[in-house]
Every structure is written in structure tokens, then in C-alpha cells.
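Trainee: Please read through the structure below; I'll follow up with questions.
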Amino acid sequence: SQAHDLASRRTATIDRHVAWIHHTILDGQPSRILDLGCGPGLYSHRLARPGHTCTGIDYSPAAIPYAKQQAVDHELACTFVLDDIRHAPFDTGCDLALLLYGEFNVFRPDHIGLILRKVHAALRRGGQLLLEPHTRAAVEQLGRQTASWFSSPGGLFSPAPHLVLMDHAWNGQQQTATTRYYVVDAAGTGVTRFAQTMQGYSEDEYRSLLADHGFPAIRFYPGLAPDAPVDPALCTILATQAPA
């Protein structure tokens with residue numbers, strides 16, 4: 001949808017981000033890119049057009065076939081893999097790895113540590129990791145929201161008419177925000193429960209976590225492009241491996 005930036009950003013915003021990555025991060029040089037949590041390939045497809053070679057990994061069984069077909073239709077140098085990035089093998093010799101749009105925070109600390117170790121091994125010496133995680137304040141705000149509800153004739157949680165009840169919890173000790181969804185079928189056939197937990201980190205904790213996993217050079221940016229809308233819930237981090 002071009003009406004909002006939920007789930008996937010609008011095309012104009014993605015185009016600005018890709019231009020910034022191409023010109024500023026990669027100096028316009030053809031590079032090998034690892035796109036983690038790539039979704040339907042919206043970034044990889046655009047990065048392939050100026051000459052980059054991209055591998056995208058995502059566990060969505062709807063997104064990856066779409067990404068593959070678009071790459072074939074437009075003859076793009078993209079490979080897409082349906083897998084969980086915690087377990088999938090990564091290419092080696094990559095110049096840049098991406099983990100964008102808040103996906104960093106959906107993993108438990110031990111799992112994100114595993115992913116960072118895999119990324120470090122996948123990158124060439126001096127390679128870069130571009131992250132776009134949530135700010136700690138944004139995660140806490142999510143956990144402190146008041147309970148709410150909405151009804152739907154059909155959507156994400158069910159194709160049938162249903163009611164969704166949501167509550168939220170903030171755990172200050174663990175710095176986690178949990179949202180629980182109770183999906184009530186309108187026909188009265190039952191209630192389905194879902195939950196999502198987000199891990200919060202301070203700026204110093206991001207620095208420490210990345211340094212501990214082989215990325216000592218870290219720069220923070222307000223967003224993914226100076227001419228694109230800035231989401232205050234997210235920050236942008238460019239982490240670079242130590243040179244040989």
C-alpha cells in the first residue's frame with residue numbers, strides 16, 4: 001500500500017533509502033549485499049539495479065516467492081532464500097549486510113548475538129552492517145500502551161469476521177515490551193491467542209553489543225537518508241568490522 005508505511009514502506013521512501021545506501025554507504029561501487037529479513041525484496045530489487053548482487057533471506061512463505069518472481073521478471077542479480085535468519089547459512093565475502101525496519105528487536109538477546117556472529121563471518125574484512133533498530137524509548141512506549149480493541153471483517157489474524165483485544169506489558173528489568181492479541185471469532189467458534197515481544201536497548205547497549213561481536217567502529221544516523229522521512233521510533237546504525 002502507498003497509503004501508509006505499515007509492514008512495508010512507501011515506494012518513494014524506499015527509493016531515497018536505496019539511493020543513500022548506494023551512494024553514501026557503498027560509494028557507488030558494485031557490492032555483494034546480504035539482506036536479512038528481506039520481505040518481498042523491496043530493497044534488494046532496487047539495490048540490484050545499479051549493479052549490486054543481493055542475497056535476501058526471510059521466513060515468509062508469501063514474500064519470498066514474490067521476491068523471486070520479481071527478480072526473474074526484471075533480470076535482477078538477486079537470490080532469495082526462504083529460511084529463518086537464525087538458522088540459515090549466510091554467504092561469505094559480503095560487503096554489506098542489512099537488517100532494517102526494526103527487525104533487530106524482535107529477537108531475544110541470545111538470538112541476536114547468534115545472528116551478529118553469523119553476519120561477522122559472512123562479511124569480508126572491513127565489511128559493514130547497516131541496522132535500523134528501535135530506540136529503547138520506543139520499545140518502552142509500546143509496552144506502556146493502554147489496552148485496546150478493534151473489529152475486522154477479515155485480515156491479518158483471520159480471514160473471517162473477528163474481534164481483536166490487545167493488552168501490553170513493559171518489563172523494566174528485562175527491557176522488553178510484550179503485546180498480547182486475543183482474536184475472538186465473530187461466529188463464536190473460539191479465541192486464538194498470539195503474543196509478540198520486543199527487546200529494548202539503549203544507545204550505549206547497542207554500541208557495546210556490536211563491539212562485543214566484532215564491530216568496533218559504529219556510527220549513528222537519524223535515519224536511512226537525509227531527504228527521507230525520519231521515524232522517531234527507529235535509529236540507524238552503521239557498524240564496520242575492524243580492518244585486516
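By convention in this document, the chains of the C-alpha cells carry letters A, B, ... by their order, each chain's residues are numbered from 1, and ligands are numbered from 1 in the order they are shown.
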Hey, what's within 10 Å of Glu203 (chain A) if we count only C-alpha atoms and toss same-chain stuff fewer than 3 positions away? As an NGL selection string, please?

Mentor: :A and (135-136 or 200 or 206-209 or 220 or 235 or 237)

Trainee: Can you write just those residues out, N, CA, C and O atoms, as an mmCIF file, in the first residue's frame?

Mentor:
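Wrote out33.cif, looks like this:
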data_model
loop_
_atom_site.group_PDB
_atom_site.id
_atom_site.type_symbol
_atom_site.label_atom_id
_atom_site.label_comp_id
_atom_site.auth_asym_id
_atom_site.auth_seq_id
_atom_site.Cartn_x
_atom_site.Cartn_y
_atom_site.Cartn_z
ATOM 1 N N THR A 135 14.497 2.495 19.048
ATOM 2 C CA THR A 135 15.065 3.128 20.226
ATOM 3 C C THR A 135 14.487 2.455 21.468
ATOM 4 O O THR A 135 13.394 1.870 21.428
ATOM 5 N N ARG A 136 15.234 2.558 22.561
ATOM 6 C CA ARG A 136 14.713 1.992 23.802
ATOM 7 C C ARG A 136 13.414 2.678 24.196
ATOM 8 O O ARG A 136 12.470 2.029 24.662
ATOM 9 N N GLY A 200 14.305 -3.996 24.144
ATOM 10 C CA GLY A 200 14.814 -2.636 24.089
ATOM 11 C C GLY A 200 16.292 -2.567 24.439
ATOM 12 O O GLY A 200 16.797 -3.371 25.233
ATOM 13 N N TYR A 206 23.604 -0.730 22.461
ATOM 14 C CA TYR A 206 23.842 -1.073 21.050
ATOM 15 C C TYR A 206 25.338 -1.040 20.744
ATOM 16 O O TYR A 206 25.873 -1.944 20.098
ATOM 17 N N ARG A 207 25.996 0.008 21.204
ATOM 18 C CA ARG A 207 27.441 0.117 20.959
ATOM 19 C C ARG A 207 28.195 -1.069 21.560
ATOM 20 O O ARG A 207 29.047 -1.670 20.904
ATOM 21 N N SER A 208 27.886 -1.403 22.788
ATOM 22 C CA SER A 208 28.575 -2.485 23.473
ATOM 23 C C SER A 208 28.299 -3.824 22.802
ATOM 24 O O SER A 208 29.213 -4.639 22.598
ATOM 25 N N LEU A 209 27.046 -4.070 22.442
ATOM 26 C CA LEU A 209 26.670 -5.325 21.812
ATOM 27 C C LEU A 209 27.402 -5.515 20.492
ATOM 28 O O LEU A 209 27.943 -6.596 20.205
ATOM 29 N N PHE A 220 26.015 6.429 14.405
ATOM 30 C CA PHE A 220 24.566 6.558 14.478
ATOM 31 C C PHE A 220 24.105 7.654 13.519
ATOM 32 O O PHE A 220 24.748 8.689 13.384
ATOM 33 N N CYS A 235 16.286 4.128 14.966
ATOM 34 C CA CYS A 235 17.564 4.791 14.734
ATOM 35 C C CYS A 235 18.313 3.994 13.675
ATOM 36 O O CYS A 235 17.956 2.850 13.374
ATOM 37 N N ILE A 237 22.106 2.599 12.462
ATOM 38 C CA ILE A 237 23.455 2.320 12.930
ATOM 39 C C ILE A 237 24.249 1.704 11.791
ATOM 40 O O ILE A 237 23.812 0.722 11.179
#

Trainee: Please provide as a list in words all residues within 7 Å of region 34-39 of chain A, with the sequence filter that same-chain residues fewer than 3 positions apart are discarded (counting only C-alpha atoms).

Mentor: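 Using only C-alpha atoms, the neighbours found are Ser44, Cys54, Thr55, Gly56, Ile57, Asp58, Ser60, Ala63, Ile64, Ile85, Cys94, Leu96, Ala97, Leu98 and Leu99 of chain A.
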
Trainee: What would the file look like if the residues just selected were written as a PDB file, in the first residue's frame with N, CA and C atoms?

Mentor:
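Wrote result.pdb, looks like this:
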ATOM      1  N   SER A  44      16.305  -5.144  -1.897  1.00  0.00           N
ATOM      2  CA  SER A  44      17.232  -5.902  -2.738  1.00  0.00           C
ATOM      3  C   SER A  44      16.997  -5.635  -4.226  1.00  0.00           C
ATOM      4  N   CYS A  54      22.641  -9.212  -4.699  1.00  0.00           N
ATOM      5  CA  CYS A  54      21.956  -9.298  -3.410  1.00  0.00           C
ATOM      6  C   CYS A  54      21.479 -10.710  -3.115  1.00  0.00           C
ATOM      7  N   THR A  55      21.619 -11.097  -1.845  1.00  0.00           N
ATOM      8  CA  THR A  55      21.008 -12.321  -1.341  1.00  0.00           C
ATOM      9  C   THR A  55      20.068 -11.928  -0.207  1.00  0.00           C
ATOM     10  N   GLY A  56      18.803 -12.285  -0.333  1.00  0.00           N
ATOM     11  CA  GLY A  56      17.812 -11.965   0.679  1.00  0.00           C
ATOM     12  C   GLY A  56      17.314 -13.219   1.369  1.00  0.00           C
ATOM     13  N   ILE A  57      17.133 -13.142   2.681  1.00  0.00           N
ATOM     14  CA  ILE A  57      16.632 -14.280   3.462  1.00  0.00           C
ATOM     15  C   ILE A  57      15.442 -13.812   4.293  1.00  0.00           C
ATOM     16  N   ASP A  58      14.356 -14.571   4.242  1.00  0.00           N
ATOM     17  CA  ASP A  58      13.176 -14.242   5.032  1.00  0.00           C
ATOM     18  C   ASP A  58      12.378 -15.521   5.238  1.00  0.00           C
ATOM     19  N   SER A  60       9.049 -15.691   5.427  1.00  0.00           N
ATOM     20  CA  SER A  60       7.666 -15.537   4.971  1.00  0.00           C
ATOM     21  C   SER A  60       7.426 -16.351   3.704  1.00  0.00           C
ATOM     22  N   ALA A  63       6.228 -13.839   0.954  1.00  0.00           N
ATOM     23  CA  ALA A  63       7.138 -12.799   0.469  1.00  0.00           C
ATOM     24  C   ALA A  63       8.210 -13.343  -0.463  1.00  0.00           C
ATOM     25  N   ILE A  64       8.796 -14.479  -0.124  1.00  0.00           N
ATOM     26  CA  ILE A  64       9.939 -14.968  -0.898  1.00  0.00           C
ATOM     27  C   ILE A  64       9.554 -15.365  -2.332  1.00  0.00           C
ATOM     28  N   ILE A  85      16.561 -16.510   9.669  1.00  0.00           N
ATOM     29  CA  ILE A  85      17.938 -15.999   9.644  1.00  0.00           C
ATOM     30  C   ILE A  85      18.760 -16.466  10.837  1.00  0.00           C
ATOM     31  N   CYS A  94      30.736 -10.969   1.781  1.00  0.00           N
ATOM     32  CA  CYS A  94      29.788  -9.871   1.525  1.00  0.00           C
ATOM     33  C   CYS A  94      30.406  -8.533   1.934  1.00  0.00           C
ATOM     34  N   LEU A  96      28.268  -5.765   2.530  1.00  0.00           N
ATOM     35  CA  LEU A  96      27.294  -5.078   3.373  1.00  0.00           C
ATOM     36  C   LEU A  96      26.191  -6.051   3.748  1.00  0.00           C
ATOM     37  N   ALA A  97      25.784  -6.001   5.023  1.00  0.00           N
ATOM     38  CA  ALA A  97      24.613  -6.742   5.490  1.00  0.00           C
ATOM     39  C   ALA A  97      23.580  -5.738   5.993  1.00  0.00           C
ATOM     40  N   LEU A  98      22.319  -6.021   5.737  1.00  0.00           N
ATOM     41  CA  LEU A  98      21.216  -5.153   6.143  1.00  0.00           C
ATOM     42  C   LEU A  98      20.292  -5.901   7.093  1.00  0.00           C
ATOM     43  N   LEU A  99      19.830  -5.211   8.129  1.00  0.00           N
ATOM     44  CA  LEU A  99      18.747  -5.699   8.982  1.00  0.00           C
ATOM     45  C   LEU A  99      17.928  -4.458   9.339  1.00  0.00           C
TER      46      LEU A  99
END

Trainee: Once you count only C-alpha atoms, what closest atom pair and distance in Å to one decimal does each residue of region 91-165 of chain A within 8 Å of region 179-185 of chain A have, with rows by chain and rising residue number, as CSV?

Mentor:
residue,atom,partner,partner_atom,distance
A:Gly143,CA,A:Thr179,CA,7.1
A:Phe157,CA,A:Val183,CA,7.1
A:Ala160,CA,A:Asp185,CA,7.4
A:Pro161,CA,A:Asp185,CA,6.6
A:His162,CA,A:Asp185,CA,4.6
A:Leu163,CA,A:Val184,CA,5.0
A:Val164,CA,A:Val183,CA,4.6
A:Leu165,CA,A:Tyr182,CA,5.0

Trainee: At a cut-off of 12 Å, using only C-alpha atoms, what residues contact Gln173 (chain A)? Leave out same-chain residues fewer than 5 positions from it and give the result as a list in words.

Mentor: Glu140, Gln199, Gly200 and Tyr201 of chain A

Trainee: With a distance cut-off of 12 Å and only C-alpha atoms, select the neighbouring residues of Ala12 (chain A), excluding the residue or stretch itself and same-chain residues fewer than 3 positions from it, and output the selection as a list in words.

Mentor: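 Skipping anything fewer than 3 positions along the chain leaves Ser1, Gln2, Ala3, His4, Asp5, Ser8, Arg9, Asp15, Arg16, His17, Val18, Ala19, Leu42, Tyr43, Arg46, Ala225, Asp227, Ala228 and Pro229 of chain A.
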
Trainee: Name all residues at most 12 Å from Glu75 (chain A) (count only C-alpha atoms; drop same-chain ones fewer than 6 positions away) and give them as number ranges by chain.

Mentor: A: 45-46, 48-49, 51, 53, 67-69

Trainee: Output all heavy atoms for every residue in that selection, as a compact mmCIF listing (two decimals), in the first residue's frame.

Mentor:
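Below is the file that was written, out_14.txt:
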# COMPACT_ATOMS: atom_id res chain seq x y z
N HIS A 45 15.75 -5.63 -4.64
CA HIS A 45 15.45 -5.38 -6.05
C HIS A 45 16.03 -4.05 -6.51
O HIS A 45 16.65 -3.95 -7.58
CB HIS A 45 13.94 -5.38 -6.28
CG HIS A 45 13.30 -6.72 -6.10
ND1 HIS A 45 12.00 -6.85 -5.66
CD2 HIS A 45 13.77 -7.99 -6.26
CE1 HIS A 45 11.69 -8.13 -5.59
NE2 HIS A 45 12.74 -8.85 -5.93
N ARG A 46 15.84 -3.03 -5.69
CA ARG A 46 16.31 -1.69 -6.08
C ARG A 46 17.84 -1.59 -6.00
O ARG A 46 18.44 -0.89 -6.82
CB ARG A 46 15.65 -0.64 -5.19
CG ARG A 46 14.18 -0.42 -5.51
CD ARG A 46 13.46 0.33 -4.40
NE ARG A 46 12.10 0.69 -4.78
CZ ARG A 46 11.08 -0.17 -4.76
NH1 ARG A 46 11.26 -1.42 -4.37
NH2 ARG A 46 9.87 0.22 -5.13
N ALA A 48 19.87 -3.97 -6.65
CA ALA A 48 20.45 -4.72 -7.77
C ALA A 48 20.48 -3.90 -9.05
O ALA A 48 21.33 -4.14 -9.92
CB ALA A 48 19.65 -6.01 -8.00
N ARG A 49 19.60 -2.94 -9.18
CA ARG A 49 19.52 -2.18 -10.44
C ARG A 49 20.78 -1.39 -10.75
O ARG A 49 21.20 -1.35 -11.91
CB ARG A 49 18.27 -1.29 -10.42
CG ARG A 49 17.00 -2.10 -10.56
CD ARG A 49 15.74 -1.31 -10.36
NE ARG A 49 14.58 -2.19 -10.34
CZ ARG A 49 13.49 -1.98 -9.63
NH1 ARG A 49 13.40 -0.91 -8.85
NH2 ARG A 49 12.48 -2.84 -9.68
N GLY A 51 23.74 -2.31 -10.01
CA GLY A 51 24.86 -3.21 -10.18
C GLY A 51 25.27 -4.04 -8.98
O GLY A 51 26.25 -4.80 -9.05
N THR A 53 24.92 -7.12 -6.19
CA THR A 53 24.45 -8.50 -6.16
C THR A 53 23.90 -8.78 -4.77
O THR A 53 24.60 -8.60 -3.77
CB THR A 53 25.60 -9.47 -6.48
OG1 THR A 53 26.12 -9.16 -7.77
CG2 THR A 53 25.10 -10.91 -6.47
N ALA A 67 9.37 -12.16 -4.21
CA ALA A 67 10.70 -11.59 -4.43
C ALA A 67 11.42 -12.32 -5.56
O ALA A 67 12.05 -11.70 -6.43
CB ALA A 67 11.52 -11.66 -3.15
N LYS A 68 11.33 -13.65 -5.57
CA LYS A 68 11.99 -14.44 -6.61
C LYS A 68 11.42 -14.11 -7.99
O LYS A 68 12.17 -13.95 -8.96
CB LYS A 68 11.83 -15.93 -6.31
CG LYS A 68 12.65 -16.45 -5.16
CD LYS A 68 12.42 -17.96 -4.98
CE LYS A 68 13.32 -18.53 -3.91
NZ LYS A 68 13.10 -20.00 -3.73
N GLN A 69 10.10 -14.04 -8.07
CA GLN A 69 9.48 -13.79 -9.38
C GLN A 69 9.82 -12.42 -9.91
O GLN A 69 10.06 -12.24 -11.11
CB GLN A 69 7.96 -13.96 -9.26
CG GLN A 69 7.25 -13.99 -10.61
CD GLN A 69 7.75 -15.13 -11.49
OE1 GLN A 69 7.72 -16.29 -11.07
NE2 GLN A 69 8.22 -14.81 -12.68

Trainee: Which residues, written as an MDAnalysis selection string, have at least one atom at most 12 Å from Gly223 (chain A), with only C-alpha atoms counted and residues fewer than 5 positions away on the same chain left out?

Mentor: chainID A and resid 13:14 16:17 20:21 100:101 130:135 228:238

Trainee: Store the residues picked out above, limited to N, CA and C atoms, as a JSON list (two decimals), in the first residue's frame.

Mentor:
[["chain", "number", "residue", "atom", "x", "y", "z"],
["A", 13, "THR", "N", 9.89, 6.50, -0.28],
["A", 13, "THR", "CA", 10.80, 6.42, 0.86],
["A", 13, "THR", "C", 11.88, 5.36, 0.63],
["A", 14, "ILE", "N", 11.49, 4.20, 0.14],
["A", 14, "ILE", "CA", 12.46, 3.14, -0.13],
["A", 14, "ILE", "C", 13.47, 3.61, -1.17],
["A", 16, "ARG", "N", 14.57, 6.59, -1.75],
["A", 16, "ARG", "CA", 15.54, 7.50, -1.13],
["A", 16, "ARG", "C", 16.53, 6.73, -0.27],
["A", 17, "HIS", "N", 16.04, 5.75, 0.47],
["A", 17, "HIS", "CA", 16.94, 4.94, 1.29],
["A", 17, "HIS", "C", 17.96, 4.20, 0.42],
["A", 20, "TRP", "N", 20.67, 6.45, -0.88],
["A", 20, "TRP", "CA", 21.64, 6.79, 0.17],
["A", 20, "TRP", "C", 22.58, 5.63, 0.42],
["A", 21, "ILE", "N", 22.05, 4.41, 0.49],
["A", 21, "ILE", "CA", 22.90, 3.23, 0.69],
["A", 21, "ILE", "C", 23.89, 3.09, -0.46],
["A", 100, "LEU", "N", 16.87, -4.21, 8.58],
["A", 100, "LEU", "CA", 16.18, -2.92, 8.59],
["A", 100, "LEU", "C", 14.80, -2.99, 9.23],
["A", 101, "TYR", "N", 14.26, -1.81, 9.45],
["A", 101, "TYR", "CA", 12.86, -1.57, 9.83],
["A", 101, "TYR", "C", 12.47, -2.26, 11.13],
["A", 130, "LEU", "N", 24.49, -2.56, 8.32],
["A", 130, "LEU", "CA", 23.57, -1.43, 8.43],
["A", 130, "LEU", "C", 22.31, -1.90, 9.15],
["A", 131, "LEU", "N", 22.08, -1.33, 10.33],
["A", 131, "LEU", "CA", 20.95, -1.70, 11.17],
["A", 131, "LEU", "C", 19.98, -0.54, 11.30],
["A", 132, "GLU", "N", 18.72, -0.89, 11.50],
["A", 132, "GLU", "CA", 17.71, 0.13, 11.78],
["A", 132, "GLU", "C", 16.82, -0.39, 12.92],
["A", 133, "PRO", "N", 17.35, -0.38, 14.14],
["A", 133, "PRO", "CA", 16.59, -0.90, 15.27],
["A", 133, "PRO", "C", 15.70, 0.17, 15.91],
["A", 134, "HIS", "N", 14.86, -0.30, 16.82],
["A", 134, "HIS", "CA", 14.03, 0.61, 17.60],
["A", 134, "HIS", "C", 14.87, 1.28, 18.69],
["A", 135, "THR", "N", 14.50, 2.49, 19.05],
["A", 135, "THR", "CA", 15.07, 3.13, 20.23],
["A", 135, "THR", "C", 14.49, 2.46, 21.47],
["A", 228, "ALA", "N", 14.75, 11.69, 3.44],
["A", 228, "ALA", "CA", 13.59, 10.81, 3.64],
["A", 228, "ALA", "C", 12.95, 11.09, 4.99],
["A", 229, "PRO", "N", 11.66, 10.80, 5.13],
["A", 229, "PRO", "CA", 11.01, 10.98, 6.43],
["A", 229, "PRO", "C", 11.71, 10.19, 7.52],
["A", 230, "VAL", "N", 11.84, 10.79, 8.69],
["A", 230, "VAL", "CA", 12.50, 10.14, 9.83],
["A", 230, "VAL", "C", 11.44, 9.56, 10.75],
["A", 231, "ASP", "N", 11.59, 8.30, 11.08],
["A", 231, "ASP", "CA", 10.71, 7.64, 12.03],
["A", 231, "ASP", "C", 11.33, 7.77, 13.41],
["A", 232, "PRO", "N", 10.73, 8.51, 14.33],
["A", 232, "PRO", "CA", 11.37, 8.73, 15.64],
["A", 232, "PRO", "C", 11.46, 7.46, 16.48],
["A", 233, "ALA", "N", 10.75, 6.41, 16.11],
["A", 233, "ALA", "CA", 10.82, 5.17, 16.86],
["A", 233, "ALA", "C", 12.05, 4.35, 16.51],
["A", 234, "LEU", "N", 12.75, 4.73, 15.42],
["A", 234, "LEU", "CA", 13.88, 3.95, 14.93],
["A", 234, "LEU", "C", 15.14, 4.80, 14.92],
["A", 235, "CYS", "N", 16.29, 4.13, 14.97],
["A", 235, "CYS", "CA", 17.56, 4.79, 14.73],
["A", 235, "CYS", "C", 18.31, 3.99, 13.67],
["A", 236, "THR", "N", 19.32, 4.59, 13.09],
["A", 236, "THR", "CA", 20.12, 3.92, 12.06],
["A", 236, "THR", "C", 21.54, 3.79, 12.57],
["A", 237, "ILE", "N", 22.11, 2.60, 12.46],
["A", 237, "ILE", "CA", 23.45, 2.32, 12.93],
["A", 237, "ILE", "C", 24.25, 1.70, 11.79],
["A", 238, "LEU", "N", 25.41, 2.27, 11.53],
["A", 238, "LEU", "CA", 26.36, 1.67, 10.57],
["A", 238, "LEU", "C", 27.53, 1.14, 11.38]]

Trainee: Could you go through region 6-197 of chain A and tell me which residues DSSP, when run on the backbone, assigns to alpha helix (DSSP H), listing them as JSON, numbers by chain?

Mentor: {"A": [11, 12, 13, 14, 15, 16, 17, 18, 19, 20, 42, 43, 44, 45, 46, 47, 48, 63, 64, 65, 66, 67, 68, 69, 70, 71, 72, 73, 109, 110, 111, 112, 113, 114, 115, 116, 117, 118, 119, 120, 121, 122, 136, 137, 138, 139, 140, 141, 142, 143]}

Trainee: How far is it from CA of Gln241 (chain A) to CA of Thr92 (chain A), in Å with one decimal?

Mentor: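 Result for CA of Gln241 (chain A) versus CA of Thr92 (chain A): 14.1 Å, one decimal.
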
Trainee: Would you list, as a list in words, the residues of region 42-134 of chain A that end up in strand (DSSP E or B) under DSSP run on this structure's backbone?

Mentor: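 Of region 42-134 of chain A, the ones in strand (DSSP E or B) are Thr53, Cys54, Thr55, Gly56, Ile57, Asp58, Cys78, Thr79, Phe80, Val81, Leu82, Cys94, Asp95, Leu96, Ala97, Leu98, Leu99, Leu123, Arg124, Arg125, Gly126, Gly127, Gln128, Leu129, Leu130, Leu131 and His134 of chain A.
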
Trainee: Counting only C-alpha atoms, which of A:Gln128, A:Pro65, A:Ile112, A:Ile33 gets nearest to Ala77 (chain A)?

Mentor: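 Answer, going by the shortest atom-to-atom distance: A:Ile33.
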
Trainee: Write out as a list in words which residues come within 10 Å of Arg108 (chain A) when counting only C-alpha atoms, dropping same-chain ones fewer than 5 positions away.

Mentor: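 The filter keeps Gly113, Leu114, Thr176, Thr197, Met198 and Gln199 of chain A.
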
Trainee: Return the single residue from A:Gly155, A:Arg144, A:Gln29, A:Gly188 that is closest to Trp170 (chain A), with distances computed using only C-alpha atoms.

Mentor: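 Answer, going by the shortest atom-to-atom distance: A:Arg144.
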
Trainee: When you count only C-alpha atoms, which of these residues is closest to Thr146 (chain A): A:His168, A:Arg193, A:His111, A:Arg125?

Mentor: A:His168

Trainee: Measuring between only C-alpha atoms, which one of A:Leu129, A:Ile115, A:Leu210, A:Ala71 shows the shortest distance to His87 (chain A)?

Mentor: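 Checking each candidate against His87 (chain A), we get A:Ile115 as the closest.
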
Trainee: Could you jot down the CA of Tyr59 (chain A) to CA of Thr240 (chain A) separation for me, Å, one decimal place?

Mentor: 26.4 Å
